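This report refers to the structure that appears directly beneath it.
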Amino acid sequence: MFNPLQPFNALPHLPPKYDFDTVPILKAVNAANIALADLNARASKLPNPWLLMRPLLVRESVASSGIENINTTVLAVLEADILPEKKKGAPKQVWSYREAMMKGCAFVEKKGFLSTNHIIELQHEIEPNKGGIRKIPGTVIANTTTKEVLYTPPEGEKLLRDLLANLEQYLNAKDDVDPLIKMAVLHYQFEAIHPFLDGNGRVGRIIMILYLLLAKRLQLPVLFLSGYIEEHKSEYYRLLRNVTKTGDFGSFVLYMLKAVELQAASTAENVRKIEELIEKSEKKIKEELPHAHDIALCIFSEPLLTIDRLQKTLKLSARQTASKYLSIITDAGILEERKLGKHKIFYSKPFLKLLS
Ligand SMILES: Nc1ncnc2c1ncn2[C@@H]1O[C@H](COP(=O)(O)OP(=O)(O)O)[C@@H](O)[C@H]1O
Ligand SMILES: [Mg+2]
């Protein structure tokens, strides 16, 4: 019997004893896979996908952190990258989240698997002061307003490592369960293990994206999954808890499949809009300046552009040239200009709107 006040040391190993071959799940898997294929097709058409996905990743990082009440905006996070004195508190945590995601992508790409040690490294990036597997008891998941304890995760470093080893094995095993179902199962299990003092929610959501990359369901880490979770947060919490209480993996899997389907569709739509913005801008810039393609890429990979950034990207010897280019582009109506501290920043209004 599950008691929220007792450490859930009886958390079952993976794979779950649950029959996922139901009509609603198969239908939802299908719909999510179609939406994902569409997103992949869109994203691969971008002129420089790895460069251009970076701003989208900032958006995901803000939302995933927002689920944990680390509240800030895409704009504040981007500004903090220009003004070092602002890189503290929530914006700093969001940048750490993005760093962790990039690190995770590098693991997946280089190693072709994801290990417990990789996961520990990701958490360390996000919560450097609370790094490592929990060694002391006392971690609970509680309602933030009533303080009612909803779940007490397993305790004891050895047990946590044992559960993580089982998760690692399931994650990397080749079997015939659809990767989208496995992604949801992995997420529940990771959250139920709750191996760290803090950062479990964020690391768990990074793992979902990394797993989709590993399983080749996603070609780039662009899926804006946390947007859905943030909007349906109480349902997310309720369904996680329900798996522990009743073993109902089905409802949680269906929730995640819906998230994948809807977010893949909306991310694809955003990618399409970005593509359109790049194309239109490049055409206009071409009428006035050389390097139109590189300038357009720079505008849409650095949402807040500075003179120095453009100079560096285009490898221009004179800062003045970059400055002149930016005023020409601003006069052409592609960018707006404003002051940020002692810096002049340039940005595409429709692009920023799309990211916020
Ligand atoms: N009943 C539950 N069982 C397991 N995990 C849960 C439950 N309720 C919430 N969670 C997970 O715990 C996360 C919060 O854990 P925490 O370590 O504070 O992560 P972070 O620091 O990233 O906020 C939530 O985002 C959610 O993923
Ligand atoms: Mg937390």
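Residue numbering restarts at 1 for every chain of the structure tokens, chains are lettered A, B, ... in their displayed order, and ligands are numbered from 1 as they appear.
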
Can you tell me which residues come within 8 Å of ligand 1 when counting only C-alpha atoms and all ligand atoms, ideally as an mmCIF file with N, CA, C and O atoms, in the first residue's frame?
data_model
loop_
_atom_site.group_PDB
_atom_site.id
_atom_site.type_symbol
_atom_site.label_atom_id
_atom_site.label_comp_id
_atom_site.auth_asym_id
_atom_site.auth_seq_id
_atom_site.Cartn_x
_atom_site.Cartn_y
_atom_site.Cartn_z
ATOM 1 N N SER A 64 10.349 25.149 -18.851
ATOM 2 C CA SER A 64 10.648 24.037 -17.954
ATOM 3 C C SER A 64 11.029 24.550 -16.571
ATOM 4 O O SER A 64 10.652 23.970 -15.551
ATOM 5 N N SER A 65 11.756 25.647 -16.532
ATOM 6 C CA SER A 65 12.107 26.252 -15.247
ATOM 7 C C SER A 65 10.860 26.854 -14.601
ATOM 8 O O SER A 65 10.697 26.801 -13.380
ATOM 9 N N ILE A 67 7.885 25.728 -14.647
ATOM 10 C CA ILE A 67 7.116 24.683 -13.970
ATOM 11 C C ILE A 67 7.592 24.561 -12.523
ATOM 12 O O ILE A 67 6.829 24.230 -11.627
ATOM 13 N N GLU A 68 8.842 24.851 -12.277
ATOM 14 C CA GLU A 68 9.415 24.762 -10.927
ATOM 15 C C GLU A 68 9.403 26.107 -10.212
ATOM 16 O O GLU A 68 10.183 26.343 -9.294
ATOM 17 N N ASN A 69 8.539 27.013 -10.682
ATOM 18 C CA ASN A 69 8.418 28.345 -10.077
ATOM 19 C C ASN A 69 9.706 29.164 -10.145
ATOM 20 O O ASN A 69 9.956 30.016 -9.296
ATOM 21 N N GLU A 127 21.948 22.368 -10.833
ATOM 22 C CA GLU A 127 21.961 22.670 -9.393
ATOM 23 C C GLU A 127 23.347 22.391 -8.820
ATOM 24 O O GLU A 127 23.526 21.456 -8.035
ATOM 25 N N ILE A 141 7.820 15.529 -1.815
ATOM 26 C CA ILE A 141 7.083 16.381 -2.744
ATOM 27 C C ILE A 141 5.823 16.809 -2.027
ATOM 28 O O ILE A 141 5.038 15.967 -1.581
ATOM 29 N N ALA A 142 5.680 18.128 -1.868
ATOM 30 C CA ALA A 142 4.550 18.630 -1.091
ATOM 31 C C ALA A 142 3.801 19.677 -1.889
ATOM 32 O O ALA A 142 4.364 20.314 -2.780
ATOM 33 N N LEU A 150 2.766 14.953 -0.588
ATOM 34 C CA LEU A 150 2.054 14.164 -1.587
ATOM 35 C C LEU A 150 2.801 12.878 -1.933
ATOM 36 O O LEU A 150 2.215 11.893 -2.358
ATOM 37 N N TYR A 151 4.113 12.933 -1.760
ATOM 38 C CA TYR A 151 4.929 11.781 -2.152
ATOM 39 C C TYR A 151 6.275 11.867 -1.449
ATOM 40 O O TYR A 151 6.867 12.954 -1.369
ATOM 41 N N PRO A 153 9.885 10.151 -1.937
ATOM 42 C CA PRO A 153 10.619 9.245 -2.833
ATOM 43 C C PRO A 153 11.476 8.251 -2.050
ATOM 44 O O PRO A 153 11.697 8.429 -0.853
ATOM 45 N N HIS A 187 9.911 9.024 -17.886
ATOM 46 C CA HIS A 187 9.747 10.273 -17.140
ATOM 47 C C HIS A 187 9.093 10.008 -15.788
ATOM 48 O O HIS A 187 9.554 10.497 -14.762
ATOM 49 N N TYR A 188 8.026 9.206 -15.811
ATOM 50 C CA TYR A 188 7.402 8.874 -14.517
ATOM 51 C C TYR A 188 8.442 8.243 -13.582
ATOM 52 O O TYR A 188 8.599 8.662 -12.429
ATOM 53 N N GLN A 189 9.143 7.258 -14.093
ATOM 54 C CA GLN A 189 10.058 6.498 -13.236
ATOM 55 C C GLN A 189 11.153 7.406 -12.664
ATOM 56 O O GLN A 189 11.476 7.337 -11.482
ATOM 57 N N PHE A 190 11.679 8.267 -13.522
ATOM 58 C CA PHE A 190 12.741 9.161 -13.051
ATOM 59 C C PHE A 190 12.212 10.078 -11.942
ATOM 60 O O PHE A 190 12.871 10.284 -10.919
ATOM 61 N N GLU A 191 11.005 10.609 -12.160
ATOM 62 C CA GLU A 191 10.439 11.509 -11.140
ATOM 63 C C GLU A 191 10.126 10.753 -9.858
ATOM 64 O O GLU A 191 10.255 11.289 -8.764
ATOM 65 N N ALA A 192 9.694 9.502 -10.005
ATOM 66 C CA ALA A 192 9.380 8.709 -8.806
ATOM 67 C C ALA A 192 10.660 8.361 -8.039
ATOM 68 O O ALA A 192 10.675 8.352 -6.815
ATOM 69 N N ILE A 193 11.743 8.090 -8.751
ATOM 70 C CA ILE A 193 13.034 7.843 -8.080
ATOM 71 C C ILE A 193 13.489 9.128 -7.396
ATOM 72 O O ILE A 193 13.975 9.124 -6.284
ATOM 73 N N HIS A 194 13.329 10.239 -8.099
ATOM 74 C CA HIS A 194 13.662 11.550 -7.532
ATOM 75 C C HIS A 194 15.056 11.508 -6.898
ATOM 76 O O HIS A 194 15.224 11.783 -5.700
ATOM 77 N N PHE A 196 17.700 13.241 -6.798
ATOM 78 C CA PHE A 196 18.485 14.403 -6.352
ATOM 79 C C PHE A 196 17.733 15.219 -5.299
ATOM 80 O O PHE A 196 16.520 15.094 -5.157
ATOM 81 N N LEU A 197 18.469 16.073 -4.630
ATOM 82 C CA LEU A 197 17.848 16.975 -3.656
ATOM 83 C C LEU A 197 16.948 17.980 -4.359
ATOM 84 O O LEU A 197 15.923 18.383 -3.846
ATOM 85 N N ASP A 198 17.367 18.383 -5.559
ATOM 86 C CA ASP A 198 16.599 19.368 -6.317
ATOM 87 C C ASP A 198 16.953 19.209 -7.796
ATOM 88 O O ASP A 198 17.985 18.633 -8.130
ATOM 89 N N GLY A 199 16.098 19.741 -8.652
ATOM 90 C CA GLY A 199 16.382 19.681 -10.083
ATOM 91 C C GLY A 199 15.820 18.433 -10.757
ATOM 92 O O GLY A 199 16.015 18.240 -11.954
ATOM 93 N N ASN A 200 15.084 17.609 -10.015
ATOM 94 C CA ASN A 200 14.565 16.368 -10.600
ATOM 95 C C ASN A 200 13.579 16.618 -11.738
ATOM 96 O O ASN A 200 13.602 15.922 -12.750
ATOM 97 N N GLY A 201 12.717 17.620 -11.548
ATOM 98 C CA GLY A 201 11.729 17.904 -12.582
ATOM 99 C C GLY A 201 12.404 18.354 -13.865
ATOM 100 O O GLY A 201 12.109 17.867 -14.960
ATOM 101 N N ARG A 202 13.343 19.276 -13.717
ATOM 102 C CA ARG A 202 14.019 19.810 -14.907
ATOM 103 C C ARG A 202 14.878 18.761 -15.598
ATOM 104 O O ARG A 202 14.833 18.618 -16.823
ATOM 105 N N VAL A 203 15.652 18.014 -14.814
ATOM 106 C CA VAL A 203 16.478 16.972 -15.430
ATOM 107 C C VAL A 203 15.581 15.939 -16.120
ATOM 108 O O VAL A 203 15.859 15.505 -17.242
ATOM 109 N N GLY A 204 14.475 15.608 -15.476
ATOM 110 C CA GLY A 204 13.552 14.620 -16.046
ATOM 111 C C GLY A 204 12.985 15.072 -17.382
ATOM 112 O O GLY A 204 12.775 14.261 -18.283
ATOM 113 N N ARG A 205 12.738 16.370 -17.511
ATOM 114 C CA ARG A 205 12.184 16.850 -18.781
ATOM 115 C C ARG A 205 13.267 16.934 -19.856
ATOM 116 O O ARG A 205 12.998 16.739 -21.040
ATOM 117 N N TYR A 236 -0.543 17.243 -14.646
ATOM 118 C CA TYR A 236 0.775 16.577 -14.668
ATOM 119 C C TYR A 236 1.091 15.996 -13.288
ATOM 120 O O TYR A 236 1.415 14.816 -13.142
ATOM 121 N N TYR A 237 0.946 16.813 -12.267
ATOM 122 C CA TYR A 237 1.211 16.362 -10.903
ATOM 123 C C TYR A 237 0.247 15.256 -10.486
ATOM 124 O O TYR A 237 0.637 14.266 -9.887
ATOM 125 N N ARG A 238 -1.028 15.466 -10.835
ATOM 126 C CA ARG A 238 -2.045 14.496 -10.422
ATOM 127 C C ARG A 238 -1.778 13.138 -11.064
ATOM 128 O O ARG A 238 -1.852 12.100 -10.421
ATOM 129 N N LEU A 239 -1.442 13.153 -12.356
ATOM 130 C CA LEU A 239 -1.258 11.890 -13.073
ATOM 131 C C LEU A 239 0.019 11.172 -12.642
ATOM 132 O O LEU A 239 0.054 9.942 -12.573
ATOM 133 N N LEU A 240 1.066 11.937 -12.345
ATOM 134 C CA LEU A 240 2.296 11.315 -11.828
ATOM 135 C C LEU A 240 1.975 10.556 -10.538
ATOM 136 O O LEU A 240 2.370 9.402 -10.332
ATOM 137 N N ARG A 241 1.240 11.238 -9.680
ATOM 138 C CA ARG A 241 0.901 10.662 -8.388
ATOM 139 C C ARG A 241 -0.006 9.444 -8.546
ATOM 140 O O ARG A 241 0.090 8.462 -7.820
ATOM 141 N N ASN A 242 -0.853 9.539 -9.544
ATOM 142 C CA ASN A 242 -1.791 8.448 -9.790
ATOM 143 C C ASN A 242 -1.091 7.161 -10.210
ATOM 144 O O ASN A 242 -1.546 6.073 -9.889
ATOM 145 N N THR A 244 1.770 6.131 -9.141
ATOM 146 C CA THR A 244 2.267 5.543 -7.896
ATOM 147 C C THR A 244 1.116 4.916 -7.099
ATOM 148 O O THR A 244 1.232 3.808 -6.584
#

### Query
Which residues in range 41-240 of chain A does DSSP call alpha helix (DSSP H)? List them as number ranges by chain.
A: 41-44, 49-67, 74-80, 89-111, 116-126, 157-172, 179-193, 200-214, 225-231, 233-240

### Task
Select, from A:Ile126, A:Leu214, A:Ile285, A:Ile229, the residue with the minimum atom-to-atom distance to ligand 2, counting only C-alpha atoms and all ligand atoms.
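Nearest to ligand 2: A:Ile126.
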
### Query
Which residues in range 149-331 of chain A does DSSP call strand (DSSP E or B)? List them as a list in words.
Val149, Leu150, Tyr151, Phe196 and Leu305 of chain A

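Those residues that approach range 341-345 of chain A to within 9 Å, counting only C-alpha atoms, are Ile82, Leu83, Leu304, Leu305, Thr306, Ile307, Glu336, Glu337, Arg338, Lys339 and Tyr347 of chain A; same-chain residues fewer than 2 positions away are not listed.
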
Would you mind exporting C-alpha atoms of the selected residues as a CSV table (one decimal), in the first residue's frame?
chain,number,residue,atom,x,y,z
A,82,ILE,CA,24.3,40.8,-22.8
A,83,LEU,CA,24.4,42.4,-19.3
A,304,LEU,CA,19.1,40.3,-29.4
A,305,LEU,CA,21.8,41.3,-31.7
A,306,THR,CA,24.6,43.7,-30.8
A,307,ILE,CA,27.2,45.4,-33.1
A,336,GLU,CA,14.2,47.6,-34.3
A,337,GLU,CA,16.8,49.3,-32.1
A,338,ARG,CA,16.9,50.2,-28.5
A,339,LYS,CA,19.3,50.7,-25.6
A,347,TYR,CA,15.9,42.7,-32.7

### Query
For the atom pair CA of Thr267 in chain A and CA of Leu223 in chain A, what is the interatomic distance in Å to one decimal place?
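Going from CA of Thr267 in chain A over to CA of Leu223 in chain A covers 6.3 Å.
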
At a cut-off of 9 Å, using only C-alpha atoms, what residues contact Cys298 in chain A? Leave out same-chain residues fewer than 6 positions from it and give the result as a compact mmCIF listing (two decimals) with C-alpha atoms, in the first residue's frame.
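Dumped everything to around04.txt:
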# COMPACT_ATOMS: atom_id res chain seq x y z
CA LEU A 51 22.29 27.42 -35.03
CA LEU A 52 18.68 28.41 -35.44
CA LEU A 305 21.81 41.34 -31.73
CA ARG A 309 28.00 40.03 -32.19
CA LEU A 310 27.42 40.85 -35.83
CA THR A 313 29.88 36.45 -36.80
CA LEU A 314 30.71 38.10 -40.10

### Message
If we count only C-alpha atoms and set the cut-off at 12 Å, which residues sit around Glu231 in chain A, ignoring sequence neighbours fewer than 2 positions away in its own chain? Please answer as number ranges by chain.
### Response
A: 63-64, 66-67, 224-229, 233-237, 259, 263

Polymer residues at most 7 Å from range 109-119 of chain A, only C-alpha atoms, same-chain spacing of 2 or more positions, as a compact mmCIF listing (two decimals) with N, CA, C and O atoms, in the first residue's frame:
# COMPACT_ATOMS: atom_id res chain seq x y z
N CYS A 105 22.75 16.75 -25.24
CA CYS A 105 22.74 16.48 -26.70
C CYS A 105 24.11 15.98 -27.14
O CYS A 105 24.21 15.08 -27.99
N ALA A 106 25.16 16.56 -26.58
CA ALA A 106 26.51 16.15 -26.96
C ALA A 106 26.77 14.70 -26.51
O ALA A 106 27.34 13.91 -27.26
N PHE A 107 26.31 14.33 -25.31
CA PHE A 107 26.46 12.94 -24.85
C PHE A 107 25.79 11.99 -25.83
O PHE A 107 26.36 10.99 -26.25
N GLU A 121 25.68 14.37 -14.26
CA GLU A 121 26.35 15.58 -14.77
C GLU A 121 25.36 16.67 -15.15
O GLU A 121 25.60 17.85 -14.93
N LEU A 122 24.25 16.25 -15.76
CA LEU A 122 23.23 17.23 -16.14
C LEU A 122 22.68 17.94 -14.92
O LEU A 122 22.50 19.16 -14.90
N GLN A 123 22.39 17.14 -13.88
CA GLN A 123 21.83 17.76 -12.67
C GLN A 123 22.84 18.71 -12.05
O GLN A 123 22.48 19.76 -11.52
N LEU A 164 18.31 3.68 -10.57
CA LEU A 164 18.82 4.41 -11.74
C LEU A 164 19.47 3.46 -12.74
O LEU A 164 19.34 3.63 -13.96
N ALA A 165 20.15 2.44 -12.22
CA ALA A 165 20.77 1.45 -13.11
C ALA A 165 19.69 0.74 -13.92
O ALA A 165 19.84 0.51 -15.13
N GLU A 168 18.45 3.17 -16.53
CA GLU A 168 19.45 3.29 -17.60
C GLU A 168 19.34 2.11 -18.56
O GLU A 168 19.40 2.27 -19.78
N ASN A 172 18.17 2.41 -22.57
CA ASN A 172 19.07 2.07 -23.68
C ASN A 172 18.74 0.74 -24.35
O ASN A 172 19.37 0.38 -25.34
N LEU A 214 17.82 10.12 -29.04
CA LEU A 214 18.45 8.79 -29.08
C LEU A 214 17.62 7.81 -29.91
O LEU A 214 18.17 7.04 -30.70

### Task
Could you jot down the CA of Glu287 in chain A to CA of Thr330 in chain A separation for me, Å, one decimal place?
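CA of Thr330 in chain A lies at a distance of 13.6 Å from CA of Glu287 in chain A.
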
### Query
Which is closer to Lys17 in chain A than all the others in A:Leu56, A:Phe249, A:Lys45, A:Asn40, using only C-alpha atoms?
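That would be A:Phe249, the residue with the smallest distance to Lys17 in chain A.
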
### Task
For Glu99 in chain A, please output as a list of chain:residue names all residues within 10 Å (counting only C-alpha atoms; exclusion window: fewer than 5 positions along the same chain).
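Non-adjacent residues within range: A:Leu57, A:Val58, A:Ser61, A:Gln93, A:Val94, A:Gly104, A:Cys105, A:Leu122, A:Glu125, A:Ile126.
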
### Message
Please report the interatomic distance between CA of Ile206 in chain A and CA of Ala264 in chain A in Å with one decimal.
### Response
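We find that CA of Ile206 in chain A and CA of Ala264 in chain A lie 15.8 Å from each other.
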